[in-house]
Amino acid sequence: MEENKDNRQNTPKFNMNWIYVSIIIMLAVLFFTNTGGDSAGGGISRKDNYYNFKEWVMKGAAKEVVINSEENVLYMYVNPESIHDVFESDVKQTGTNPFLEVEFGSVENLESFLDKAQQDGKFNGHVTFENEKSGDMVNMFFNIFSILFFVFIMIFFFRRMGGGGSGGVFSVGKSKAKMYEKGNDLGITFRDVAGQVGAKEEVQEIVDFLKNPKKYTDLGGKIPKGALLVGPPGTGKTLLAKAVAGEAGVPFFSMSGSDFVEMFVGVGASRVRDLFRQAKEKAPCIIFIDEIDAVGRARSKNPSMGGNDERENTLNALLTEMDGFGTNSGVIIMAATNRADMLDSALLRAGRFDRQIHVDLPDLNERKEIFIVHLKPIKVDNSVDIDLLARQTPGFSGADIANVCNEAALIAARRKAKTVCRQDFLDAVDRIIGGLEKKTKVMTAHEKRTIALHEAGHATISWFCEHANPLVKVSIVPRGKALGAAWYLPEERQITTKEEMLDEMCSLMGGRAAEELFTGHISTGAMNDLERATKSAYGMIAYAGMGEMLPNICYYNNQEYQFQRPYSETTAKIIDDEVLKMVNEQYERAKQILIEHREGHNQLAEMLINREVIFAEDVERIFGKRPWVSRSQEIMGIVEASDSSTSDATQADASADATTDSQPSGETSGPDAGEATTNPTTSSES
């Protein structure tokens, strides 16, 4: 009974066949009620009697006479100069080829009259005969053909609007989910998902629910309705959902959140109902909705901003289907998003999505496992060190690592190698992070010296700041949008202290400070450094509560459609003053360090001008061992290498270490604070 009710709900309320029928009827009326005058002669027509016809012929008004002997009807086409006399109108009103329609009695008498008029010079036109019935058949054929052609074009476009699938516009309210009869048809299991140990443990329970639900229901428990996979892009959320279906061996419905949205009103809600109807028939099964934020975004509380749009209707239908009013036994909904903060709170409550499974960026050991998975189809040689690659790619997601492996294979193929070596992988990371080398970019000697002084400033400051990230490589080779870059190997911190953030900020300001001290002027090359330092300082003051005037205060507000700052103008002025003071203090600190180590900085700059790329060993030869080198060695594992081959490897490693340029350092004070306190890995000359 309930399924019949669902079927009635899924039936479209308006049948598109009526549109087809109405259009065909209108076209038929338009074609078949059209008189033959306009189409045949290109002008208007008028009925007249035979005697008037004879008078017009004798006056020389006839241009041509067409005789239909079967109907005893003739058509006299009028000369242009006689149009006004015959129709009492000008050419604009009658058309270029008007004619008179006249009934006659005998063909013989008509022919005799026309022969006499030709002999007398009154009629110099042509006389032709036509079969009216055959003409009607031809016209009818062309009319019907035109209708069929128009209907074909219309059906074609309706099918395109309906998604191009079977049924076209008639199936516009049907679900577009791709169904796999058995999840293991995908060929994906937990063995294909490297890392994510915690997430796999949680979804393993879902597999157990589907395989043996009685074990849980006998104790009075209920099978969870849904699980929401939350995490950054590229971390394997979709792959994990497919692995769950593959392990359980149950039907798997997969679709994107945008598949519910359509240009027709009510289609999204209809597709939601149809999806759950199909899932109930295939239970036990899994419904997977990728990028659910496309349809599950928080509903607006402001009616003036469109509170009854199609997306909200679709969301309401989804909430109703997940609420458990129907028998959804054995149907588990899995969804993935990287914007969980934008989802509607009603969608996240228990009873709908009972669990939120966080799929985070992989750590060092998980990156090793991911490299092992993606290296299987690639022909690698013995020089490839997976531990080294994992250590050189902090902050990389699974998709990033897959891209590195593919790019390395392309680089090896470009140089016509039979295997992919370690240098290919490190060059791939270098290109992905920094961009393609621009060897043809022309710089003046003055510009090159300025860039060298700038990058040497970063290297010097980072070497003498305890908490600055360990330096790996400094380059003044243009790459991407940067004219030069300093590469670091950041720690994978879970929390970041104020001292660590200040040291990193000081390192960022080293380039601008070196320009001012040793060239006497400043340039636009430090724009990227200043932007990151300002964001870091703002995050420390406004979000992390690290200010002197505003200690222990967080003004972070995660409300969507928030058009007002959560603090007053007076507080904004205090924040601005503290940010300015903090940045300038670190700038002066950077200048002081550079003055103390002027000679070593100049040596680094000259080495950069001559070699264009220097490494951590080169800096160590000039400044000596870093005071905190023991900790750096623990992180890097490559500083003590001294031979040239290791130096080459370090060059590649350095380029790989810029990966966390956009990765937060693990601050726990809020998402924006994490972004503002990002571990700097490249300091680019832009």
# chains A, B, ... in the order shown; residues from 1 in each chain; ligands from 1
>>> select_by_dssp(residues="segment 372-541 of chain A", states="strand (DSSP E or B)", output="PyMOL selection string")
chain A and resi 380+420+437+471-475+479+482+484-488
>>> select_by_dssp(residues="segment 53-95 of chain A", states="helix (DSSP H, G or I)", output="VMD selection string")
chain A and resid 53 to 58 80 to 87 91 to 94
>>> closest_residue(among="A:Glu437, A:Ala468, A:Ala452, A:Thr235", to="Phe396 of chain A", atoms="only C-alpha atoms")
A:Thr235
>>> closest_residue(among="A:Glu612, A:Glu596, A:Leu229, A:Thr440", to="Phe353 of chain A", atoms="only C-alpha atoms")
A:Leu229
>>> closest_residue(among="A:Leu74, A:Ala241, A:Cys405, A:Ala294", to="Lys376 of chain A", atoms="only C-alpha atoms")
A:Cys405
>>> closest_residue(among="A:Glu70, A:Glu599, A:Asp400, A:Asp360", to="Gly195 of chain A", atoms="only C-alpha atoms")
A:Asp360
>>> atom_distance(atom1="atom CA of Met546 of chain A", atom2="atom CA of Arg532 of chain A")
17.2 Å
